[in-house]
Amino acid sequence: MFAYFLTRLASLALILVVMSVLIFLVTQAMPGDVASMIAGQFASKEVVDAIAVKLGLDQPLIVQYGRWAAGILQGDLGRSLVLEQPIGPILMEALARSLVLAVVALVVVAVVGIALGVLAAVRRGKLTDQMVSGISYLGIAVPDFFWAIVLVLIFGSYLKLLPTGGYTPISEGFLPWAAHLVLPVVTLVLMLLARIARLTRSSMIDVLQTNYVKFARAKGMPESVVILRHALKNALLPTITVLAIDFGLILGGVVVIETIFSYPGMGRLLLFAIQRHDLPLIQATILIVSAAYCLANLTADLLYAFVNPKIRHGMRAS
Amino acid sequence: MMTAPQAQPVLQPAAAPAVTPAPAPLLDIRGLTISYGNARGTLRAASDVSFAIRPGEVMGLVGESGSGKSTVAMAILDLLGGGGRVDSGEILFDGVDLRRLPAAERRALRGDRIAAVFQDPFTSLNPALTVGRQIAEPLIQHKGLSPRQAAVRVEELLAEVGIREPRRVAASYPHELSGGMQQRALIATALGCEPKLLILDEPTTALDVTVEARIIDLLAKLCDSHRLSALFVSHNLGIVNRICETVTVLYGGVVVETGRTGRVLSRPAHPYAKGLVAALPRITAERRHRLPSIPGTVAKLSGAVTACVFAPRCPFAEETCRSQPQPMRMDEAGDGVRCWKADALAGMPWPDEDAGAARPSRPQPQQSAPLVEVDHLRKVYGANRSVLPWLRRAGTVAVDDVSFTVGRGEVVGVVGESGSGKSTIGRALLALTEPSAGTVLFDGADLTERVRRGDQDLRRRAQLVFQNSAASLNPRKTIGAAMDRPLVLAGHGDAEERGKTIAGLLTRVGLPAAYADRYPHELSGGERQRVNIARALATNPDFVVCDEAVSALDVSVQANILNLLAELRDEMGLSYLFITHDIAVVSHIADRVLVVYGGTICEEGPIASVLRPPYHPYTEALLSAVPRLAEDGQEVPRILLEDAAAAPGGRGCAFAARCPRKLGAVCDEQAPPVHATADGHRIACHIPLATLAERASVFPELMGDDARH
Ligand code: SF4
Ligand code: SF4
């Protein structure tokens with residue numbers, strides 16, 4: 001298990017290096033020239049060149065990349081050109097806020113989705129099952145921002161129960177903080193819930209027909225033990241994989257959601273950076289989002305191995 | 001072979017009538033009727049089934065697929081699923097009607113008073129939980145043990161079922177254990193709460209013969225020492241004969257005969273039971289013997305029983321049989337039969353279709369050049385000879401240095417257990433897998449070479465029939481369409497001509513030509529296997545590999561298909577490579593047989609020589625493990641092998657890890673020499689031939705045949 005973990009970690013590092021090169025090259029290829037942006041529209045060529053020299057923009061790309069990468073390795077993400085501040089603290093703050101959103105949404109999706117799936121599988125063909133299926137179709141058929149708008153209208157504008165956007169730090173009280181999370185989280189959840197519920201339902205139905213479930217019943221195990229201990233643990237394997245992919249989707253989805261709810265996270269930061277052509281900020285943001293995505297996948301793989309003894313032991317052997 | 005018919009009344013009372021009143025039955029099933037309902041209607045799975053099991057008694061419940069035997073077992077456990085419903089009847093356990101108990105109380109009985117072991121150990125254990133935890137569950141649930149107390153008991157239980165390292169096994173996950181160990185773990189689970197009744201649903205069907213022998217032995221011992229009653233559901237009469245005191249025969253959801261095992265299997269009274277016993281392939285050295293078979297297939301039944309259920313297939317049926325249902329007639333000894341003609345038919349054997357009929361004399365296998373020559377064949381799976389050292393892997397040796405020939409018109413049997421490499425040999429002969437070393441010559445030309453050149457003729461001349469008749473046919477294609485494909489590939493005429501060929505082939509394998517328009521699911525298992533054979537014959541091959549071709553079929557159908565294969569061989573001069581785990585089946589059809597173990601040939605020779613001493617130690621164990629009916633000869637002490645099989649492929653004898661006659665280090669370190677005799681009988685073993693020849697025959701009755709030879 002440990003050797004496997006190390007190999008996976010090594011490959012993760014490799015992927016991030018490749019990603020960083022790609023990010024660097026792509027952002028370099030973006031239209032616009034950083035030096036002239038900083039210098040302003042009316043600056044003379046000499047001023048622009050001086051700024052370029054100061055920023056090292058006259059050096060070959062490889063040297064620029066080397067400098068950037070070395071900085072990151074030392075924990076220095078560079079300076080934002082527009083905000084004229086070190087990127088690190090800004091980014092970390094935004095990341096923390098986005099992660100809160102993503103993790104809470106993921107947990108809710110996992111818990112509610114799996115519970116609905118199990119319920120539908122156990123009551124297969126009955127009313128509960130049909131209701132879950134119906135809701136699932138609705139969730140899949142309608143685009144995600146639609147729910148966002150509906151929710152804002154109902155809870156924010158009409159009922160005036162919840163804030164329709166913005167953010168309050170937790171230091172100003174738990175409830176206000178939590179209230180700002182509700183609508184974005186619910187929107188994210190609605191976007192992903194249906195798939196998880198349907199997937200869990202179908203793998204649960206398969207598992208409930210296996211011989212080991214029949215044998216567990218023949219041992220006189222109560223139905224709750226049969227379902228939770230014997231069936232669910234096996235039925236979760238595909239769900240875990242999809243949840244990891246979903247975490248990536250959530251990270252992508254927050255860009256939209258954060259914009260709709262004016263929630264100050266990574267998505268908004270990235271949007272801001274792109275609009276203002278803040279190259280170092282764009283690079284750092286994308287790199288961090290990629291790293292978070294890779295980490296989520298690694299976690300899912302480890303979790304998968306943990307639940308599935310066949311893989312766990314295969315690894316022990318190799 | 002059947003013994004001579006005995007002309008005595010079938011239902012004679014027991015020799016010594018019981019003086020003490022029989023104890024009250026532990027399980028008493030009365031008039032159980034079960035049906036399955038789905039959108040298309042209801043099917044009756046069991047009608048008015050009654051039988052009783054006394055304390056300490058093991059009863060066999062036998063029948064073919066569709067007989068309802070498993071349904072009855074599941075009804076006792078209250079585990080009928082998939083729309084199954086008990087319509088009426090009583091299930092009295094210890095005097096209490098289980099059907100009247102609330103569901104929670106029935107559940108509490110399960111795993112505690114009534115325990116079960118199912119067919120497939122590979123899928124009956126939960127892959128995500130350790131074996132120990134799964135065995136402990138009922139102990140914790142029913143006996144209120146703490147997990148720690150349960151863990152101690154689990155180790156005791158595992159030791160009791162013959163597992164040598166109980167602690168290690170308890171901590172293992174199912175996939176880390178062999179099939180035999182998994183089944184032992186399931187038995188340990190069932191024994192945990194010291195039940196009174198065991199429901200054993202085909203508990204050894206998925207296991208190898210030598211493993212099965214040990215498990216049956218274990219079950220018999222346990223039932224004896226714990227005074228357990230058991231319902232032993234099985235299709236295998238030989239095993240029922242070995243372990244059951246009484247037997248109940250089901251046909252079409254109806255009990256047709258019940259009684260003491262010895263009587264039912266040696267003097268069956270009901271025509272169906274007669275047919276079942278007659279159709280059972282037995283070990284025989286007389287290869288030309290044609291197996292009696294039961295014509296037709298089990299019909300799906302719905303509605304009330306209005307006639308004898310067996311009438312459509314019964315050779316003795318009369319008008320009376322079709323006009324009214326048959327009542328069960330019991331005698332005081334507890335034997336019962338559901339056939340009004342039983343007494344009149346006493347001693348009458350099942351009709352042998354072509355008894356005495358002159359069969360076309362088969363051209364003897366020619367002595368000329370063999371059709372297939374296999375020379376030092378070796379196949380390694382999963383090997384990687386990468387230049388990168390950390391990617392290199394030795395792989396698993398499936399077949400190691402195997403050489404043999406198949407003559408024109410000859411049937412060569414390959415007998416072995418799972419992992420013996422027998423299927424790999426078959427695939428290599430059809431060029432479905434490329435040998436890692438060695439050559440396969442087909443009609444004198446190198447097979448691998450010809451396939452590489454894209455030789456279509458070869459694909460035409462060598463065909464495959466394999467086990468799973470359902471999986472080998474596309475469910476969305478008609479039979480005709482499935483058979484058309486090989487014909488098109490072989491460039492066979494236009495559509496009309498091909499249609500004629502297909503009709504001809506279907507008739508040839510004994511199916512109506514109209515079956516071309518049917519879909520696979522409309523056919524029975526036996527019919528589908530006939531289609532597979534017809535499809536294999538479509539391209540007019542010389543050589544057919546039959547890989548477990550009859551293994552999944554019921555006994556009566558199996559006999560049918562074996563006869564068909566024998567006929568086709570005789571008429572078309574086909575050569576077969578007949579791969580199977582069942583040496584009795586092989587003895588009916590093969591001229592020569594190879595016994596394979598761990599990818600090597602242990603013994604090879606004409607079937608009559610292989611069945612008689614000298615034996616290779618593995619062959620001897622294999623033969624002695626074959627379950628047989630009492631009348632086939634007195635029980636021979638069985639040679640029980642360890643079920644742990646070390647991965648073969650070392651330098652020495654592949655069988656060394658399990659060999660009961662192992663000589664010592666020489667067996668581990670040196671490949672055994674091959675002893676050959678004049679008639680082509682070859683044995684690979686370090687024990688000298690003369691010593692091997694000293695052993696008694698496993699089949700004393702075959703020695704008698706020698707005199708006639
Ligand atoms: S009742 Fe008639 S049809 Fe039925 S088994 Fe007896 S003889 Fe055959
Ligand atoms: S060579 Fe040795 S191990 Fe192999 S079968 Fe003969 S006696 Fe047994």
# chains A, B, ... in the order shown; residues from 1 in each chain; ligands from 1
call {"tool": "residues_near_ligand", "arguments": {"ligand": "ligand 1", "cutoff": "7 Å", "atoms": "only C-alpha atoms and all ligand atoms", "output": "PyMOL selection string"}}
result
chain B and resi 270-272+308-311+314-318+321-322+326+338-342
call {"tool": "interface_residues", "arguments": {"of": "chain B", "to": "chain A", "cutoff": "8 Å", "atoms": "only C-alpha atoms", "output": "number ranges by chain"}}
result
B: 77, 79, 107-112, 115-118, 120, 123-128, 137-138, 141, 173, 175, 190
call {"tool": "write_last_selection", "arguments": {"atoms": "N, CA and C atoms", "output": "mmCIF file, in the first residue's frame"}}
result
data_model
loop_
_atom_site.group_PDB
_atom_site.id
_atom_site.type_symbol
_atom_site.label_atom_id
_atom_site.label_comp_id
_atom_site.auth_asym_id
_atom_site.auth_seq_id
_atom_site.Cartn_x
_atom_site.Cartn_y
_atom_site.Cartn_z
ATOM 1 N N LEU B 77 -35.969 -21.641 3.447
ATOM 2 C CA LEU B 77 -35.193 -20.559 4.044
ATOM 3 C C LEU B 77 -35.917 -19.220 3.975
ATOM 4 N N LEU B 79 -36.261 -17.500 1.286
ATOM 5 C CA LEU B 79 -35.398 -16.666 0.447
ATOM 6 C C LEU B 79 -35.744 -16.800 -1.032
ATOM 7 N N ARG B 107 -36.317 -15.068 10.258
ATOM 8 C CA ARG B 107 -34.950 -14.625 10.031
ATOM 9 C C ARG B 107 -34.055 -15.084 11.176
ATOM 10 N N ALA B 108 -34.573 -15.028 12.387
ATOM 11 C CA ALA B 108 -33.770 -15.422 13.540
ATOM 12 C C ALA B 108 -33.440 -16.916 13.510
ATOM 13 N N LEU B 109 -34.293 -17.713 12.871
ATOM 14 C CA LEU B 109 -34.000 -19.143 12.752
ATOM 15 C C LEU B 109 -32.877 -19.403 11.753
ATOM 16 N N ARG B 110 -32.863 -18.576 10.714
ATOM 17 C CA ARG B 110 -31.870 -18.751 9.659
ATOM 18 C C ARG B 110 -30.479 -18.513 10.187
ATOM 19 N N GLY B 111 -29.553 -19.370 9.827
ATOM 20 C CA GLY B 111 -28.183 -19.190 10.267
ATOM 21 C C GLY B 111 -27.983 -19.659 11.689
ATOM 22 N N ASP B 112 -29.118 -19.905 12.406
ATOM 23 C CA ASP B 112 -29.008 -20.373 13.781
ATOM 24 C C ASP B 112 -29.452 -21.832 13.850
ATOM 25 N N ALA B 115 -29.215 -23.742 8.827
ATOM 26 C CA ALA B 115 -28.114 -23.056 8.156
ATOM 27 C C ALA B 115 -28.010 -23.565 6.727
ATOM 28 N N ALA B 116 -27.359 -22.782 5.894
ATOM 29 C CA ALA B 116 -27.309 -23.132 4.479
ATOM 30 C C ALA B 116 -25.901 -22.994 3.912
ATOM 31 N N VAL B 117 -25.616 -23.819 2.911
ATOM 32 C CA VAL B 117 -24.399 -23.673 2.111
ATOM 33 C C VAL B 117 -24.840 -23.723 0.653
ATOM 34 N N PHE B 118 -24.398 -22.748 -0.121
ATOM 35 C CA PHE B 118 -24.849 -22.681 -1.502
ATOM 36 C C PHE B 118 -23.801 -23.202 -2.466
ATOM 37 N N ASP B 120 -22.022 -21.902 -5.137
ATOM 38 C CA ASP B 120 -20.802 -21.350 -5.688
ATOM 39 C C ASP B 120 -19.990 -20.642 -4.613
ATOM 40 N N THR B 123 -18.631 -16.995 -5.214
ATOM 41 C CA THR B 123 -19.456 -15.794 -5.150
ATOM 42 C C THR B 123 -20.273 -15.716 -3.869
ATOM 43 N N SER B 124 -20.198 -16.743 -3.017
ATOM 44 C CA SER B 124 -21.006 -16.714 -1.799
ATOM 45 C C SER B 124 -20.330 -15.958 -0.666
ATOM 46 N N LEU B 125 -19.056 -15.662 -0.826
ATOM 47 C CA LEU B 125 -18.365 -14.892 0.203
ATOM 48 C C LEU B 125 -18.241 -13.450 -0.269
ATOM 49 N N ASN B 126 -18.434 -12.533 0.643
ATOM 50 C CA ASN B 126 -18.376 -11.119 0.310
ATOM 51 C C ASN B 126 -16.924 -10.708 0.074
ATOM 52 N N PRO B 127 -16.609 -10.198 -1.118
ATOM 53 C CA PRO B 127 -15.211 -9.880 -1.429
ATOM 54 C C PRO B 127 -14.636 -8.769 -0.558
ATOM 55 N N ALA B 128 -15.489 -7.977 0.075
ATOM 56 C CA ALA B 128 -14.981 -6.804 0.792
ATOM 57 C C ALA B 128 -14.770 -7.052 2.280
ATOM 58 N N GLU B 137 -20.136 -13.400 11.950
ATOM 59 C CA GLU B 137 -21.402 -12.660 11.948
ATOM 60 C C GLU B 137 -22.573 -13.390 12.605
ATOM 61 N N PRO B 138 -22.880 -14.623 12.181
ATOM 62 C CA PRO B 138 -24.028 -15.285 12.825
ATOM 63 C C PRO B 138 -23.798 -15.546 14.306
ATOM 64 N N GLN B 141 -24.610 -12.351 15.900
ATOM 65 C CA GLN B 141 -26.027 -12.051 15.715
ATOM 66 C C GLN B 141 -26.932 -12.957 16.551
ATOM 67 N N TYR B 173 -8.912 -12.365 2.852
ATOM 68 C CA TYR B 173 -10.080 -12.024 2.057
ATOM 69 C C TYR B 173 -10.373 -13.204 1.129
ATOM 70 N N HIS B 175 -10.744 -13.769 -1.984
ATOM 71 C CA HIS B 175 -9.995 -14.032 -3.217
ATOM 72 C C HIS B 175 -8.619 -14.614 -2.951
ATOM 73 N N ALA B 190 -21.808 -22.120 8.370
ATOM 74 C CA ALA B 190 -23.085 -22.788 8.588
ATOM 75 C C ALA B 190 -23.095 -23.537 9.925
#
call {"tool": "select_by_dssp", "arguments": {"residues": "region 195-282 of chain B", "states": "helix (DSSP H, G or I)", "output": "PyMOL selection string"}}
result
chain B and resi 209-225+237-243+261-266+271-279
call {"tool": "write_last_selection", "arguments": {"atoms": "N, CA and C atoms", "output": "tab-separated table (two decimals), in the first residue's frame"}}
result
chain	number	residue	atom	x	y	z
B	209	VAL	N	-13.22	-32.33	-9.10
B	209	VAL	CA	-13.61	-33.64	-8.57
B	209	VAL	C	-12.83	-34.03	-7.32
B	210	THR	N	-11.52	-33.80	-7.33
B	210	THR	CA	-10.75	-34.24	-6.16
B	210	THR	C	-11.06	-33.38	-4.94
B	211	VAL	N	-11.41	-32.11	-5.18
B	211	VAL	CA	-11.79	-31.23	-4.07
B	211	VAL	C	-13.17	-31.63	-3.58
B	212	GLU	N	-14.05	-31.89	-4.54
B	212	GLU	CA	-15.41	-32.30	-4.21
B	212	GLU	C	-15.40	-33.54	-3.31
B	213	ALA	N	-14.53	-34.50	-3.62
B	213	ALA	CA	-14.47	-35.72	-2.83
B	213	ALA	C	-14.16	-35.41	-1.37
B	214	ARG	N	-13.25	-34.48	-1.17
B	214	ARG	CA	-12.89	-34.13	0.21
B	214	ARG	C	-14.02	-33.39	0.92
B	215	ILE	N	-14.69	-32.50	0.20
B	215	ILE	CA	-15.77	-31.72	0.82
B	215	ILE	C	-16.93	-32.66	1.20
B	216	ILE	N	-17.25	-33.59	0.31
B	216	ILE	CA	-18.33	-34.54	0.60
B	216	ILE	C	-17.97	-35.37	1.83
B	217	ASP	N	-16.71	-35.78	1.87
B	217	ASP	CA	-16.23	-36.55	3.00
B	217	ASP	C	-16.39	-35.76	4.30
B	218	LEU	N	-16.01	-34.49	4.23
B	218	LEU	CA	-16.12	-33.61	5.39
B	218	LEU	C	-17.58	-33.46	5.82
B	219	LEU	N	-18.47	-33.21	4.83
B	219	LEU	CA	-19.88	-33.02	5.16
B	219	LEU	C	-20.45	-34.27	5.81
B	220	ALA	N	-20.10	-35.43	5.26
B	220	ALA	CA	-20.62	-36.68	5.81
B	220	ALA	C	-20.17	-36.83	7.26
B	221	LYS	N	-18.89	-36.54	7.51
B	221	LYS	CA	-18.36	-36.67	8.88
B	221	LYS	C	-19.07	-35.71	9.83
B	222	LEU	N	-19.23	-34.46	9.37
B	222	LEU	CA	-19.84	-33.45	10.23
B	222	LEU	C	-21.29	-33.79	10.56
B	223	CYS	N	-22.05	-34.22	9.55
B	223	CYS	CA	-23.44	-34.57	9.78
B	223	CYS	C	-23.52	-35.69	10.80
B	224	ASP	N	-22.56	-36.60	10.71
B	224	ASP	CA	-22.54	-37.73	11.61
B	224	ASP	C	-22.19	-37.29	13.03
B	225	SER	N	-21.09	-36.51	13.17
B	225	SER	CA	-20.64	-36.19	14.52
B	225	SER	C	-21.56	-35.18	15.20
B	237	LEU	N	-26.23	-37.81	-9.03
B	237	LEU	CA	-26.69	-39.01	-8.33
B	237	LEU	C	-25.57	-39.72	-7.61
B	238	GLY	N	-24.36	-39.65	-8.16
B	238	GLY	CA	-23.23	-40.33	-7.52
B	238	GLY	C	-22.96	-39.76	-6.13
B	239	ILE	N	-23.04	-38.45	-6.02
B	239	ILE	CA	-22.78	-37.81	-4.72
B	239	ILE	C	-23.92	-38.09	-3.76
B	240	VAL	N	-25.15	-38.02	-4.27
B	240	VAL	CA	-26.31	-38.33	-3.43
B	240	VAL	C	-26.15	-39.74	-2.88
B	241	ASN	N	-25.69	-40.63	-3.72
B	241	ASN	CA	-25.48	-42.01	-3.30
B	241	ASN	C	-24.46	-42.10	-2.17
B	242	ARG	N	-23.49	-41.20	-2.21
B	242	ARG	CA	-22.41	-41.28	-1.24
B	242	ARG	C	-22.82	-40.73	0.12
B	243	ILE	N	-23.70	-39.74	0.14
B	243	ILE	CA	-23.91	-39.03	1.40
B	243	ILE	C	-25.33	-39.12	1.94
B	261	THR	N	-32.03	-44.33	-0.35
B	261	THR	CA	-31.16	-44.06	-1.49
B	261	THR	C	-30.76	-45.33	-2.23
B	262	GLY	N	-30.34	-46.35	-1.47
B	262	GLY	CA	-29.88	-47.57	-2.10
B	262	GLY	C	-30.95	-48.16	-3.01
B	263	ARG	N	-32.19	-48.18	-2.51
B	263	ARG	CA	-33.28	-48.76	-3.29
B	263	ARG	C	-33.60	-47.89	-4.51
B	264	VAL	N	-33.73	-46.60	-4.30
B	264	VAL	CA	-34.14	-45.73	-5.41
B	264	VAL	C	-33.11	-45.77	-6.54
B	265	LEU	N	-31.83	-45.74	-6.17
B	265	LEU	CA	-30.82	-45.66	-7.22
B	265	LEU	C	-30.52	-47.03	-7.84
B	266	SER	N	-30.74	-48.11	-7.09
B	266	SER	CA	-30.47	-49.40	-7.71
B	266	SER	C	-31.72	-49.97	-8.36
B	271	PRO	N	-40.60	-44.22	-13.90
B	271	PRO	CA	-39.88	-44.19	-15.19
B	271	PRO	C	-38.86	-43.07	-15.29
B	272	TYR	N	-39.17	-41.88	-14.75
B	272	TYR	CA	-38.20	-40.79	-14.84
B	272	TYR	C	-36.92	-41.15	-14.09
B	273	ALA	N	-37.08	-41.71	-12.90
B	273	ALA	CA	-35.91	-42.09	-12.11
B	273	ALA	C	-35.11	-43.17	-12.85
B	274	LYS	N	-35.82	-44.08	-13.50
B	274	LYS	CA	-35.14	-45.11	-14.29
B	274	LYS	C	-34.30	-44.46	-15.38
B	275	GLY	N	-34.89	-43.50	-16.05
B	275	GLY	CA	-34.19	-42.82	-17.15
B	275	GLY	C	-32.98	-42.07	-16.64
B	276	LEU	N	-33.15	-41.39	-15.51
B	276	LEU	CA	-32.07	-40.60	-14.94
B	276	LEU	C	-30.88	-41.49	-14.58
B	277	VAL	N	-31.18	-42.63	-13.98
B	277	VAL	CA	-30.11	-43.55	-13.58
B	277	VAL	C	-29.45	-44.14	-14.82
B	278	ALA	N	-30.29	-44.46	-15.83
B	278	ALA	CA	-29.72	-45.10	-17.01
B	278	ALA	C	-28.85	-44.14	-17.81
B	279	ALA	N	-29.23	-42.86	-17.82
B	279	ALA	CA	-28.52	-41.90	-18.67
B	279	ALA	C	-27.21	-41.43	-18.06
call {"tool": "residues_near_ligand", "arguments": {"ligand": "ligand 2", "cutoff": "10 Å", "atoms": "only C-alpha atoms and all ligand atoms", "output": "ChimeraX atom specification"}}
result
/B:597,602-603,615-619,652-674,683-688,692
call {"tool": "atom_distance", "arguments": {"atom1": "CA of Val412 (chain B)", "atom2": "CA of Ala584 (chain B)"}}
result
13.9 Å
call {"tool": "closest_residue", "arguments": {"among": "A:Ala69, A:Gly56, A:Val185, A:Leu303", "to": "Val109 (chain A)", "atoms": "only C-alpha atoms"}}
result
A:Val185
call {"tool": "residues_around", "arguments": {"residues": "Tyr65 (chain A)", "least_positions_apart": "4", "cutoff": "10 Å", "atoms": "only C-alpha atoms", "output": "list of chain:residue names"}}
result
A:Ser20, A:Val21, A:Phe24, A:Leu25, A:Gln59, A:Pro60, A:Leu61, A:Ala69, A:Ala70, A:Gly71
call {"tool": "write_last_selection", "arguments": {"atoms": "N, CA, C and O atoms", "output": "short mmCIF file (atom, residue, chain, number, x, y, z; two decimals), in the first residue's frame"}}
result
data_model
loop_
_atom_site.label_atom_id
_atom_site.label_comp_id
_atom_site.auth_asym_id
_atom_site.auth_seq_id
_atom_site.Cartn_x
_atom_site.Cartn_y
_atom_site.Cartn_z
N SER A 20 2.45 22.54 -15.46
CA SER A 20 2.99 23.89 -15.26
C SER A 20 3.61 24.39 -16.56
O SER A 20 3.45 25.55 -16.92
N VAL A 21 4.29 23.50 -17.28
CA VAL A 21 4.88 23.90 -18.57
C VAL A 21 3.77 24.35 -19.52
O VAL A 21 3.85 25.41 -20.16
N PHE A 24 2.23 27.62 -18.54
CA PHE A 24 3.16 28.70 -18.81
C PHE A 24 3.14 29.06 -20.29
O PHE A 24 3.01 30.23 -20.67
N LEU A 25 3.22 28.02 -21.13
CA LEU A 25 3.27 28.29 -22.57
C LEU A 25 1.97 28.92 -23.06
O LEU A 25 1.98 29.86 -23.84
N GLN A 59 14.23 37.79 -21.46
CA GLN A 59 15.01 36.55 -21.42
C GLN A 59 14.30 35.45 -22.23
O GLN A 59 13.11 35.54 -22.49
N PRO A 60 15.08 34.43 -22.61
CA PRO A 60 14.44 33.30 -23.32
C PRO A 60 13.35 32.68 -22.43
O PRO A 60 13.43 32.72 -21.20
N LEU A 61 12.35 32.06 -23.11
CA LEU A 61 11.22 31.49 -22.38
C LEU A 61 11.64 30.51 -21.32
O LEU A 61 11.11 30.48 -20.21
N ALA A 69 9.14 28.61 -12.01
CA ALA A 69 9.00 27.31 -11.34
C ALA A 69 9.80 27.31 -10.04
O ALA A 69 9.32 26.84 -9.00
N ALA A 70 11.02 27.86 -10.10
CA ALA A 70 11.86 27.89 -8.90
C ALA A 70 11.15 28.66 -7.80
O ALA A 70 11.14 28.26 -6.64
N GLY A 71 10.53 29.77 -8.19
CA GLY A 71 9.80 30.57 -7.22
C GLY A 71 8.69 29.76 -6.57
O GLY A 71 8.55 29.73 -5.33
#
call {"tool": "closest_residue", "arguments": {"among": "B:Arg612, B:Lys143, B:Lys500, B:Arg459", "to": "Pro486 (chain B)", "atoms": "only C-alpha atoms"}}
result
B:Arg459
call {"tool": "residues_around", "arguments": {"residues": "Pro166 (chain B)", "least_positions_apart": "3", "cutoff": "12 Å", "atoms": "only C-alpha atoms", "output": "PyMOL selection string"}}
result
chain B and resi 131-132+135+151-163+169-172+181+184-185+188
call {"tool": "decode", "arguments": {"residues": "region 190-194 of chain A", "atoms": "all heavy atoms", "output": "PDB file, in the first residue's frame"}}
result
ATOM      1  N   LEU A 190     -27.573  20.085  -6.709  1.00  0.00           N
ATOM      2  CA  LEU A 190     -28.607  19.707  -7.668  1.00  0.00           C
ATOM      3  C   LEU A 190     -27.994  19.296  -8.997  1.00  0.00           C
ATOM      4  O   LEU A 190     -28.495  18.427  -9.699  1.00  0.00           O
ATOM      5  CB  LEU A 190     -29.568  20.876  -7.882  1.00  0.00           C
ATOM      6  CG  LEU A 190     -30.553  21.081  -6.741  1.00  0.00           C
ATOM      7  CD1 LEU A 190     -31.404  22.312  -6.984  1.00  0.00           C
ATOM      8  CD2 LEU A 190     -31.437  19.855  -6.575  1.00  0.00           C
ATOM      9  N   MET A 191     -26.868  19.920  -9.309  1.00  0.00           N
ATOM     10  CA  MET A 191     -26.209  19.633 -10.574  1.00  0.00           C
ATOM     11  C   MET A 191     -25.702  18.188 -10.613  1.00  0.00           C
ATOM     12  O   MET A 191     -25.688  17.560 -11.655  1.00  0.00           O
ATOM     13  CB  MET A 191     -25.060  20.635 -10.673  1.00  0.00           C
ATOM     14  CG  MET A 191     -24.195  20.596 -11.857  1.00  0.00           C
ATOM     15  SD  MET A 191     -23.120  22.063 -11.705  1.00  0.00           S
ATOM     16  CE  MET A 191     -21.535  21.298 -11.638  1.00  0.00           C
ATOM     17  N   LEU A 192     -25.282  17.654  -9.467  1.00  0.00           N
ATOM     18  CA  LEU A 192     -24.584  16.371  -9.479  1.00  0.00           C
ATOM     19  C   LEU A 192     -25.354  15.229  -8.814  1.00  0.00           C
ATOM     20  O   LEU A 192     -25.044  14.059  -8.992  1.00  0.00           O
ATOM     21  CB  LEU A 192     -23.241  16.497  -8.756  1.00  0.00           C
ATOM     22  CG  LEU A 192     -22.317  17.546  -9.371  1.00  0.00           C
ATOM     23  CD1 LEU A 192     -21.175  17.834  -8.433  1.00  0.00           C
ATOM     24  CD2 LEU A 192     -21.802  17.047 -10.711  1.00  0.00           C
ATOM     25  N   LEU A 193     -26.372  15.597  -8.055  1.00  0.00           N
ATOM     26  CA  LEU A 193     -27.043  14.603  -7.223  1.00  0.00           C
ATOM     27  C   LEU A 193     -27.621  13.450  -8.043  1.00  0.00           C
ATOM     28  O   LEU A 193     -27.458  12.277  -7.715  1.00  0.00           O
ATOM     29  CB  LEU A 193     -28.165  15.301  -6.447  1.00  0.00           C
ATOM     30  CG  LEU A 193     -28.832  14.432  -5.404  1.00  0.00           C
ATOM     31  CD1 LEU A 193     -27.836  14.102  -4.320  1.00  0.00           C
ATOM     32  CD2 LEU A 193     -30.031  15.148  -4.812  1.00  0.00           C
ATOM     33  N   ALA A 194     -28.283  13.812  -9.140  1.00  0.00           N
ATOM     34  CA  ALA A 194     -29.009  12.814  -9.904  1.00  0.00           C
ATOM     35  C   ALA A 194     -28.086  11.687 -10.358  1.00  0.00           C
ATOM     36  O   ALA A 194     -28.419  10.514 -10.245  1.00  0.00           O
ATOM     37  CB  ALA A 194     -29.654  13.479 -11.106  1.00  0.00           C
TER      38      ALA A 194
END
